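Pasted below: entry38.cif, mmCIF, C-alpha atoms and all ligand atoms.
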```cif
data_input
#
loop_
_atom_site.label_atom_id
_atom_site.label_comp_id
_atom_site.auth_asym_id
_atom_site.auth_seq_id
_atom_site.Cartn_x
_atom_site.Cartn_y
_atom_site.Cartn_z
CA MET A 18 -40.70 -37.62 -10.71
CA GLN A 19 -40.16 -41.36 -11.17
CA ARG A 20 -38.04 -42.69 -13.97
CA SER A 21 -40.92 -44.54 -15.71
CA SER A 22 -42.98 -41.39 -15.76
CA VAL A 23 -40.05 -39.46 -17.27
CA VAL A 24 -39.73 -42.11 -20.00
CA ARG A 25 -43.45 -41.99 -20.68
CA LYS A 26 -43.41 -38.19 -20.94
CA THR A 27 -40.38 -38.27 -23.25
CA LEU A 28 -42.10 -40.83 -25.49
CA LEU A 29 -45.21 -38.70 -25.64
CA LEU A 30 -43.13 -35.70 -26.65
CA VAL A 31 -41.34 -37.67 -29.39
CA MET A 32 -44.68 -38.95 -30.68
CA ALA A 33 -46.17 -35.46 -30.68
CA ALA A 34 -43.14 -34.18 -32.57
CA LEU A 35 -43.46 -37.01 -35.13
CA VAL A 36 -47.15 -36.32 -35.67
CA GLY A 37 -46.34 -32.65 -36.08
CA PHE A 38 -43.60 -33.46 -38.57
CA CYS A 39 -45.90 -35.68 -40.62
CA LEU A 40 -48.62 -33.04 -40.71
CA GLN A 41 -46.10 -30.45 -41.85
CA SER A 42 -44.72 -32.62 -44.60
CA LEU A 43 -48.19 -33.15 -46.08
CA PRO A 44 -49.08 -30.65 -48.75
CA ALA A 45 -50.74 -27.91 -46.70
CA GLN A 46 -53.29 -27.12 -49.32
CA ALA A 47 -54.16 -29.22 -52.31
CA GLY A 48 -55.11 -27.20 -55.35
CA HIS A 49 -57.08 -28.47 -58.31
CA HIS A 50 -56.57 -32.13 -59.26
CA GLY A 51 -54.94 -32.72 -55.85
CA LYS A 52 -51.72 -31.00 -56.85
CA ALA A 53 -50.01 -29.08 -54.05
CA LYS A 54 -49.73 -25.36 -54.63
CA GLU A 55 -46.22 -24.28 -55.41
CA ALA A 56 -44.91 -21.55 -53.09
CA LYS A 57 -45.13 -18.19 -54.81
CA LYS A 58 -43.86 -15.29 -52.74
CA ALA A 59 -44.66 -11.63 -52.84
CA ILE A 60 -44.06 -8.49 -50.82
CA LEU A 61 -46.64 -5.75 -50.77
CA LEU A 62 -45.25 -2.34 -49.82
CA VAL A 63 -47.97 -0.09 -48.43
CA THR A 64 -47.63 3.64 -48.01
CA PHE A 65 -49.94 6.63 -47.69
CA GLY A 66 -48.83 7.66 -51.17
CA THR A 67 -47.89 10.97 -52.70
CA SER A 68 -48.92 12.99 -55.72
CA VAL A 69 -45.78 15.14 -55.49
CA GLU A 70 -43.44 14.19 -58.31
CA ARG A 71 -40.14 14.71 -56.52
CA ALA A 72 -41.34 12.96 -53.36
CA GLN A 73 -41.53 9.80 -55.47
CA LYS A 74 -37.75 9.63 -54.93
CA SER A 75 -38.38 8.04 -51.52
CA PHE A 76 -40.47 5.26 -53.05
CA ASP A 77 -37.92 4.65 -55.81
CA THR A 78 -35.15 4.23 -53.22
CA ILE A 79 -37.28 1.92 -51.06
CA ASP A 80 -38.25 -0.14 -54.13
CA LYS A 81 -34.62 -0.57 -55.15
CA GLU A 82 -33.50 -1.51 -51.63
CA VAL A 83 -36.31 -4.05 -51.10
CA LYS A 84 -35.67 -5.61 -54.52
CA ALA A 85 -31.98 -5.94 -53.66
CA ALA A 86 -32.83 -7.60 -50.33
CA PHE A 87 -35.42 -9.98 -51.84
CA PRO A 88 -34.29 -10.52 -55.46
CA LYS A 89 -36.50 -13.56 -56.09
CA THR A 90 -39.67 -12.10 -54.62
CA GLU A 91 -42.40 -10.24 -56.46
CA ILE A 92 -42.57 -6.65 -55.11
CA ARG A 93 -45.80 -4.68 -55.42
CA TRP A 94 -47.03 -1.34 -54.12
CA ALA A 95 -50.28 -0.02 -52.70
CA TYR A 96 -51.35 3.43 -51.46
CA THR A 97 -53.75 3.81 -48.55
CA SER A 98 -54.87 7.32 -49.56
CA LYS A 99 -57.95 7.25 -51.75
CA ILE A 100 -57.56 10.96 -52.58
CA ILE A 101 -54.03 10.42 -53.88
CA ARG A 102 -55.01 7.28 -55.82
CA HIS A 103 -57.82 9.17 -57.53
CA LYS A 104 -55.58 12.15 -58.26
CA LEU A 105 -52.99 9.87 -59.86
CA ALA A 106 -55.65 7.91 -61.78
CA LYS A 107 -56.78 11.13 -63.46
CA LYS A 108 -53.22 11.51 -64.74
CA GLY A 109 -53.23 7.89 -65.94
CA THR A 110 -51.25 6.28 -63.12
CA MET A 111 -53.22 3.45 -61.55
CA ILE A 112 -52.16 2.46 -58.03
CA ASP A 113 -53.99 -0.18 -56.00
CA SER A 114 -55.41 0.16 -52.51
CA PRO A 115 -53.96 -2.49 -50.14
CA GLU A 116 -57.19 -4.50 -50.46
CA MET A 117 -57.16 -4.38 -54.26
CA ALA A 118 -53.49 -5.37 -54.29
CA LEU A 119 -54.14 -8.32 -51.94
CA ALA A 120 -57.06 -9.48 -54.07
CA ARG A 121 -54.87 -9.30 -57.17
CA LEU A 122 -52.04 -11.23 -55.46
CA MET A 123 -54.52 -13.92 -54.42
CA ASP A 124 -55.94 -14.06 -57.91
CA ASP A 125 -52.43 -14.32 -59.38
CA GLY A 126 -51.81 -17.38 -57.20
CA TYR A 127 -49.35 -15.98 -54.67
CA THR A 128 -49.17 -18.22 -51.61
CA HIS A 129 -46.84 -16.38 -49.22
CA VAL A 130 -47.34 -12.66 -48.90
CA ALA A 131 -45.66 -10.17 -46.59
CA VAL A 132 -47.24 -6.75 -46.26
CA GLN A 133 -44.84 -4.00 -45.20
CA SER A 134 -46.28 -0.82 -43.75
CA LEU A 135 -44.02 2.03 -44.84
CA HIS A 136 -45.62 4.32 -42.29
CA MET A 137 -43.83 6.05 -39.42
CA ILE A 138 -46.07 4.81 -36.61
CA PRO A 139 -48.62 2.01 -36.05
CA GLY A 140 -51.52 4.42 -36.42
CA ALA A 141 -54.98 4.25 -37.96
CA GLU A 142 -53.77 3.28 -41.44
CA PHE A 143 -51.52 0.52 -40.14
CA HIS A 144 -54.34 -0.95 -38.06
CA GLU A 145 -56.69 -0.83 -41.03
CA ILE A 146 -54.15 -2.77 -43.12
CA LEU A 147 -53.72 -5.25 -40.28
CA ALA A 148 -57.48 -5.81 -39.86
CA ASN A 149 -58.09 -6.25 -43.58
CA ALA A 150 -55.04 -8.47 -44.09
CA ASN A 151 -56.32 -10.70 -41.29
CA LEU A 152 -59.61 -11.04 -43.15
CA PHE A 153 -57.80 -11.91 -46.39
CA ALA A 154 -55.80 -14.53 -44.45
CA GLN A 155 -59.07 -16.28 -43.54
CA MET A 156 -60.26 -16.73 -47.11
CA ALA A 157 -60.70 -20.29 -48.32
CA ASP A 158 -58.21 -21.53 -50.93
CA GLY A 159 -56.29 -18.28 -50.58
CA PHE A 160 -52.88 -17.47 -49.15
CA LYS A 161 -50.90 -20.07 -47.20
CA ALA A 162 -49.25 -17.31 -45.20
CA LEU A 163 -50.01 -13.63 -44.96
CA ARG A 164 -47.99 -11.46 -42.61
CA VAL A 165 -48.09 -7.79 -41.86
CA SER A 166 -44.86 -6.24 -40.67
CA MET A 167 -44.45 -3.20 -38.53
CA PRO A 168 -43.91 0.43 -39.50
CA LEU A 169 -40.76 2.36 -38.53
CA LEU A 170 -41.15 3.71 -34.99
CA ILE A 171 -42.23 0.62 -33.04
CA ASN A 172 -40.01 0.65 -29.96
CA ASP A 173 -37.36 2.59 -28.08
CA ALA A 174 -34.46 1.19 -30.10
CA ALA A 175 -36.13 2.04 -33.42
CA MET A 176 -36.87 5.57 -32.23
CA GLN A 177 -33.25 6.07 -31.15
CA GLN A 178 -31.90 4.59 -34.36
CA THR A 179 -34.11 6.86 -36.45
CA LEU A 180 -32.97 9.95 -34.55
CA ASP A 181 -29.33 8.90 -34.89
CA ILE A 182 -29.71 8.44 -38.65
CA ILE A 183 -31.46 11.82 -39.01
CA LYS A 184 -28.78 13.59 -37.00
CA ASP A 185 -26.04 11.89 -38.95
CA GLN A 186 -27.49 12.13 -42.47
CA LEU A 187 -30.11 14.88 -42.66
CA VAL A 188 -28.95 17.60 -40.28
CA PRO A 189 -26.66 19.78 -42.43
CA LYS A 190 -22.99 19.58 -41.42
CA GLU A 191 -22.76 23.38 -41.17
CA ARG A 192 -25.34 23.47 -38.38
CA LYS A 193 -23.95 25.11 -35.22
CA ALA A 194 -24.81 23.76 -31.75
CA ASP A 195 -26.92 26.80 -30.85
CA GLU A 196 -29.00 26.38 -34.02
CA ALA A 197 -32.06 24.19 -33.55
CA VAL A 198 -33.29 21.18 -35.50
CA VAL A 199 -37.06 20.71 -35.70
CA LEU A 200 -38.47 17.45 -37.02
CA MET A 201 -41.98 17.66 -38.45
CA GLY A 202 -44.04 14.54 -37.85
CA HIS A 203 -47.55 14.03 -39.21
CA GLY A 204 -49.43 13.49 -35.93
CA THR A 205 -52.76 11.75 -35.57
CA HIS A 206 -55.96 11.41 -33.53
CA HIS A 207 -54.92 7.75 -33.01
CA THR A 208 -53.38 6.79 -29.62
CA SER A 209 -50.05 6.12 -31.33
CA ASP A 210 -49.70 9.93 -31.56
CA ALA A 211 -47.86 9.55 -28.23
CA ILE A 212 -44.88 8.19 -30.17
CA TYR A 213 -44.11 11.75 -31.33
CA SER A 214 -43.91 12.94 -27.73
CA ALA A 215 -41.60 10.03 -26.98
CA MET A 216 -39.50 11.10 -29.96
CA MET A 217 -39.40 14.65 -28.59
CA TYR A 218 -38.18 13.34 -25.22
CA LYS A 219 -35.46 11.27 -26.87
CA ALA A 220 -34.45 14.07 -29.23
CA GLN A 221 -34.09 16.49 -26.30
CA LYS A 222 -31.98 13.98 -24.39
CA MET A 223 -29.71 13.57 -27.39
CA ASP A 224 -29.40 17.25 -28.20
CA PRO A 225 -31.14 20.02 -26.22
CA ASN A 226 -31.69 21.94 -29.48
CA MET A 227 -33.45 19.10 -31.27
CA TYR A 228 -37.26 19.17 -31.27
CA VAL A 229 -40.18 17.17 -32.62
CA GLY A 230 -43.49 18.75 -33.61
CA THR A 231 -46.47 17.51 -35.60
CA VAL A 232 -48.92 18.87 -38.16
CA GLU A 233 -52.05 17.21 -36.80
CA GLY A 234 -51.18 15.90 -33.33
CA HIS A 235 -48.82 16.46 -30.40
CA PRO A 236 -46.35 17.98 -29.70
CA THR A 237 -47.95 20.90 -31.54
CA PHE A 238 -46.05 23.42 -33.63
CA GLU A 239 -46.95 26.11 -31.08
CA GLU A 240 -45.28 24.16 -28.27
CA VAL A 241 -42.10 23.86 -30.29
CA ARG A 242 -42.19 27.49 -31.42
CA ASP A 243 -42.66 28.74 -27.84
CA ALA A 244 -39.74 26.62 -26.63
CA LEU A 245 -37.53 28.04 -29.40
CA VAL A 246 -38.54 31.60 -28.50
CA ALA A 247 -37.91 30.99 -24.78
CA LYS A 248 -34.44 29.69 -25.63
CA LYS A 249 -33.75 32.68 -27.90
CA VAL A 250 -32.95 30.44 -30.85
CA THR A 251 -32.44 32.46 -34.06
CA LYS A 252 -32.02 29.74 -36.67
CA VAL A 253 -33.60 26.30 -37.16
CA TYR A 254 -33.36 23.49 -39.66
CA LEU A 255 -36.75 21.99 -40.51
CA ILE A 256 -36.74 18.30 -41.40
CA PRO A 257 -39.77 16.11 -42.29
CA LEU A 258 -40.18 13.10 -39.99
CA MET A 259 -42.05 11.39 -42.80
CA THR A 260 -41.50 8.71 -45.43
CA VAL A 261 -41.65 11.31 -48.20
CA ALA A 262 -40.97 15.02 -48.49
CA GLY A 263 -44.38 15.49 -50.06
CA ASP A 264 -47.31 17.83 -49.66
CA HIS A 265 -46.89 18.40 -45.88
CA ALA A 266 -43.17 19.13 -46.23
CA MET A 267 -43.67 21.43 -49.22
CA ASN A 268 -46.63 23.35 -47.84
CA ASP A 269 -47.06 22.96 -44.05
CA MET A 270 -43.34 22.95 -43.33
CA ALA A 271 -41.56 24.96 -46.01
CA GLY A 272 -44.34 26.81 -47.87
CA ASP A 273 -44.45 30.59 -48.41
CA GLU A 274 -48.03 30.88 -47.11
CA PRO A 275 -48.26 32.71 -43.75
CA ASP A 276 -49.41 29.53 -41.92
CA SER A 277 -46.40 27.37 -42.84
CA TRP A 278 -43.91 26.56 -40.08
CA LYS A 279 -41.23 28.50 -41.95
CA SER A 280 -43.41 31.63 -42.15
CA GLN A 281 -44.65 31.34 -38.56
CA LEU A 282 -41.06 31.06 -37.35
CA ALA A 283 -40.03 34.05 -39.46
CA ALA A 284 -42.86 35.98 -37.76
CA VAL A 285 -41.14 35.50 -34.39
CA GLY A 286 -37.71 36.34 -35.76
CA ILE A 287 -36.42 32.81 -36.35
CA LYS A 288 -34.83 31.96 -39.68
CA ALA A 289 -35.94 28.50 -40.86
CA VAL A 290 -33.96 26.43 -43.35
CA PRO A 291 -35.99 23.50 -44.73
CA VAL A 292 -34.30 20.20 -45.55
CA MET A 293 -36.44 18.70 -48.33
CA LYS A 294 -35.73 15.01 -48.01
CA GLY A 295 -38.04 12.15 -47.08
CA LEU A 296 -36.79 9.46 -44.69
CA GLY A 297 -37.38 6.84 -47.40
CA GLU A 298 -34.55 8.41 -49.39
CA LEU A 299 -32.13 7.20 -46.71
CA LYS A 300 -30.91 3.64 -47.22
CA ALA A 301 -30.26 3.29 -43.47
CA ILE A 302 -33.97 3.94 -42.77
CA ASP A 303 -35.04 1.58 -45.57
CA ALA A 304 -32.83 -1.08 -43.95
CA MET A 305 -34.95 -0.78 -40.79
CA TRP A 306 -38.17 -1.52 -42.70
CA ILE A 307 -36.36 -4.37 -44.49
CA ASP A 308 -35.36 -5.78 -41.08
CA HIS A 309 -39.04 -5.75 -40.08
CA LEU A 310 -39.84 -7.62 -43.29
CA LYS A 311 -37.14 -10.21 -42.63
CA MET A 312 -38.45 -10.70 -39.10
CA SER A 313 -42.04 -11.15 -40.21
CA ILE A 314 -41.15 -13.49 -43.08
CA GLY A 315 -38.71 -15.34 -40.82
CA PRO A 316 -38.17 -19.12 -40.72
CA LYS A 317 -41.93 -19.73 -40.34
CA HIS A 318 -42.30 -18.56 -43.92
CA HIS A 319 -40.46 -21.62 -45.27
CA HIS A 320 -42.20 -24.91 -44.52
CO CO A 401 -51.61 14.30 -43.98
#
```
Have the structure of the file written as structure tokens, please.
Ligand code: CO
Amino acid sequence: MQRSSVVRKTLLLVMAALVGFCLQSLPAQAGHHGKAKEAKKAILLVTFGTSVERAQKSFDTIDKEVKAAFPKTEIRWAYTSKIIRHKLAKKGTMIDSPEMALARLMDDGYTHVAVQSLHMIPGAEFHEILANANLFAQMADGFKALRVSMPLLINDAAMQQTLDIIKDQLVPKERKADEAVVLMGHGTHHTSDAIYSAMMYKAQKMDPNMYVGTVEGHPTFEEVRDALVAKKVTKVYLIPLMTVAGDHAMNDMAGDEPDSWKSQLAAVGIKAVPVMKGLGELKAIDAMWIDHLKMSIGPKHHH
């Protein structure tokens, strides 16, 4: 390349940068009477929801941790489950859907909104939030920035970190090496169901007596049960791989009905000890969601 052409290219770059700078320093969106909108920031925490009173503990911990990490930001909540929202409404507790919450934030004049999915995996609910948030982002005279940040189990490192935290903080200290630990994930028809099988693989690599099963997907409970029987395991700790220890943990995992995991294990001679704690109750897990929030808000958030 000749020197003159290098100079010309450099000049072009400088000019492009200057134009970019000028555009950025203009008020991005003029409100009424030509006044620029003042930045007003909010975080919307979105979860499936729960109607179980004591499971609320997870949400209380998450709320406290997020408020501590973002003290100047408005924090709001939304539940994706219509059934749970209606159940709570009958008892007088009104909780928004993500769409209602976004509409309210827009109406209240928030300009920069980060939506945090407090789900385990990027499944059907996460993708619904993402699709609808993208539509909200397109609305005229609406948000200046709207970002959706990722749920918990989004890559290999996050899966490993989650397993490490569970082993360290949820598996009871008195557990002996020949006693098994079974994590109960939700499971889904969505392709992201495969994450639970990846978790099973990683759990087994970490500790041959650590298993992952799901209520509605794969690995199935039967697969886990058969592996425990083949290994002649006599005692297991059951731990929810879920944000809350709610309805699934209370009934499907630890219930007294004959179809609960605890009862089905008892039927094959395995004593099951449930650990009734949601992952959201662990500050180390909440810190992972908060990291996702920080990443999605990032430097782009501040013009
Ligand atoms: Co469910």
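Distance annotation: of A:Ile60, A:Ala95, A:Met223, A:Leu105, the residue with the minimal separation from Ala162 of chain A is A:Ile60; atom set is all atoms listed in the file.
Nearest-residue note for Ala118 of chain A: choosing from A:Leu255, A:Met156, A:Phe143, A:Leu62, the minimum distance belongs to A:Leu62, counting all atoms listed in the file.
Here the question is which of A:Lys81, A:Lys222, A:His265, A:His207 gets nearest to ligand CO 401 (chain A) using all atoms listed in the file, and that residue is A:His265.
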| said: Could you list, as a PyMOL selection string, every residue within 12 Å of Ala120 of chain A, counting all atoms listed in the file and ignoring same-chain residues fewer than 3 positions away? | reply: chain A and resi 61+95+113-117+123-127+130+149-150+152-154+156+159-160
| field | atom CA of Val232 of chain A to atom CA of Glu145 of chain A, straight-line distance in Å | value | 21.4 Å
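For the pair atom CA of Val83 of chain A and atom CA of Leu310 of chain A, the separation is 9.3 Å.
Nearest residue to Thr179 of chain A among A:Ala131, A:Ala59, A:Met137, A:Ala283 is A:Met137, counting only C-alpha atoms.
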Contact residues around Lys193 of chain A with only C-alpha atoms at 12 Å, ignoring same-chain residues under 3 positions, as an mmCIF file with C-alpha atoms, keeping the file's coordinate frame:
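Output file selection-v1.cif is given in full below:
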```cif
data_model
loop_
_atom_site.group_PDB
_atom_site.id
_atom_site.type_symbol
_atom_site.label_atom_id
_atom_site.label_comp_id
_atom_site.auth_asym_id
_atom_site.auth_seq_id
_atom_site.Cartn_x
_atom_site.Cartn_y
_atom_site.Cartn_z
ATOM 1 C CA VAL A 188 -28.950 17.600 -40.280
ATOM 2 C CA PRO A 189 -26.660 19.780 -42.430
ATOM 3 C CA LYS A 190 -22.990 19.580 -41.420
ATOM 4 C CA GLU A 196 -29.000 26.380 -34.020
ATOM 5 C CA ALA A 197 -32.060 24.190 -33.550
ATOM 6 C CA VAL A 198 -33.290 21.180 -35.500
ATOM 7 C CA ASP A 224 -29.400 17.250 -28.200
ATOM 8 C CA ASN A 226 -31.690 21.940 -29.480
ATOM 9 C CA MET A 227 -33.450 19.100 -31.270
ATOM 10 C CA VAL A 250 -32.950 30.440 -30.850
ATOM 11 C CA THR A 251 -32.440 32.460 -34.060
ATOM 12 C CA LYS A 252 -32.020 29.740 -36.670
ATOM 13 C CA VAL A 253 -33.600 26.300 -37.160
ATOM 14 C CA TYR A 254 -33.360 23.490 -39.660
#
```
| request: Would you list the residues that come within 9 Å of ligand CO 401 (chain A)? Count only C-alpha atoms and all ligand atoms and give the answer as JSON, numbers by chain. | output: {"A": [65, 203, 204, 205, 232, 233, 264, 265]}
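Rounded to one decimal, atom CA of Ile256 of chain A and atom CA of Lys294 of chain A lie 7.5 Å from each other.
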Mind checking which residues fall within 9 Å of Val261 of chain A, counting only C-alpha atoms, ignoring those fewer than 6 positions away in the same chain, and posting them as a short mmCIF file (atom, residue, chain, number, x, y, z; two decimals) with C-alpha atoms, keeping the file's coordinate frame?
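around09.cif was written with the following content:
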```cif
data_model
loop_
_atom_site.label_atom_id
_atom_site.label_comp_id
_atom_site.auth_asym_id
_atom_site.auth_seq_id
_atom_site.Cartn_x
_atom_site.Cartn_y
_atom_site.Cartn_z
CA GLY A 66 -48.83 7.66 -51.17
CA THR A 67 -47.89 10.97 -52.70
CA ALA A 72 -41.34 12.96 -53.36
CA GLN A 73 -41.53 9.80 -55.47
CA LYS A 74 -37.75 9.63 -54.93
CA SER A 75 -38.38 8.04 -51.52
CA PHE A 76 -40.47 5.26 -53.05
CA LYS A 294 -35.73 15.01 -48.01
CA GLY A 295 -38.04 12.15 -47.08
CA LEU A 296 -36.79 9.46 -44.69
CA GLY A 297 -37.38 6.84 -47.40
CA GLU A 298 -34.55 8.41 -49.39
#
```
| field | Pick from A:Lys107, A:Lys219, A:His144, A:His129 nearest to Lys58 of chain A, counting all atoms listed in the file | value | A:His129
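If all atoms listed in the file are the atoms counted, then among A:Leu245, A:Ala86, A:Ile287, A:Met111 the closest residue to Lys300 of chain A is A:Ala86.
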Once you add 8 Å to each side, what are the centre and edge lengths of the axis-aligned box holding all listed atoms of segment 82-88 of chain A? One decimal in Å, as lines of an AutoDock Vina configuration file, if you can.
```
center_x = -34.1
center_y = -6.0
center_z = -52.9
size_x = 20.3
size_y = 25.0
size_z = 21.1
```
| Any idea what's packed within 7 Å of Leu135 of chain A, counting all atoms listed in the file, ignoring anything in its chain fewer than 3 positions away? Could you give it as number ranges by chain? | A: 62-64, 168
| task | Could you please give me, as a ChimeraX atom specification, the residues of protein, DNA or RNA lying at most 12 Å from (-38.0, 27.4, -44.8) in the coordinate frame of the file, considering only C-alpha atoms? | result | /A:199,252-257,266-283,287-293
| field | Contacts of Val241 of chain A within 8 Å, only C-alpha atoms, excl. fewer than 3 positions in-chain, as a ChimeraX atom specification | value | /A:228-230,236-238,244-245
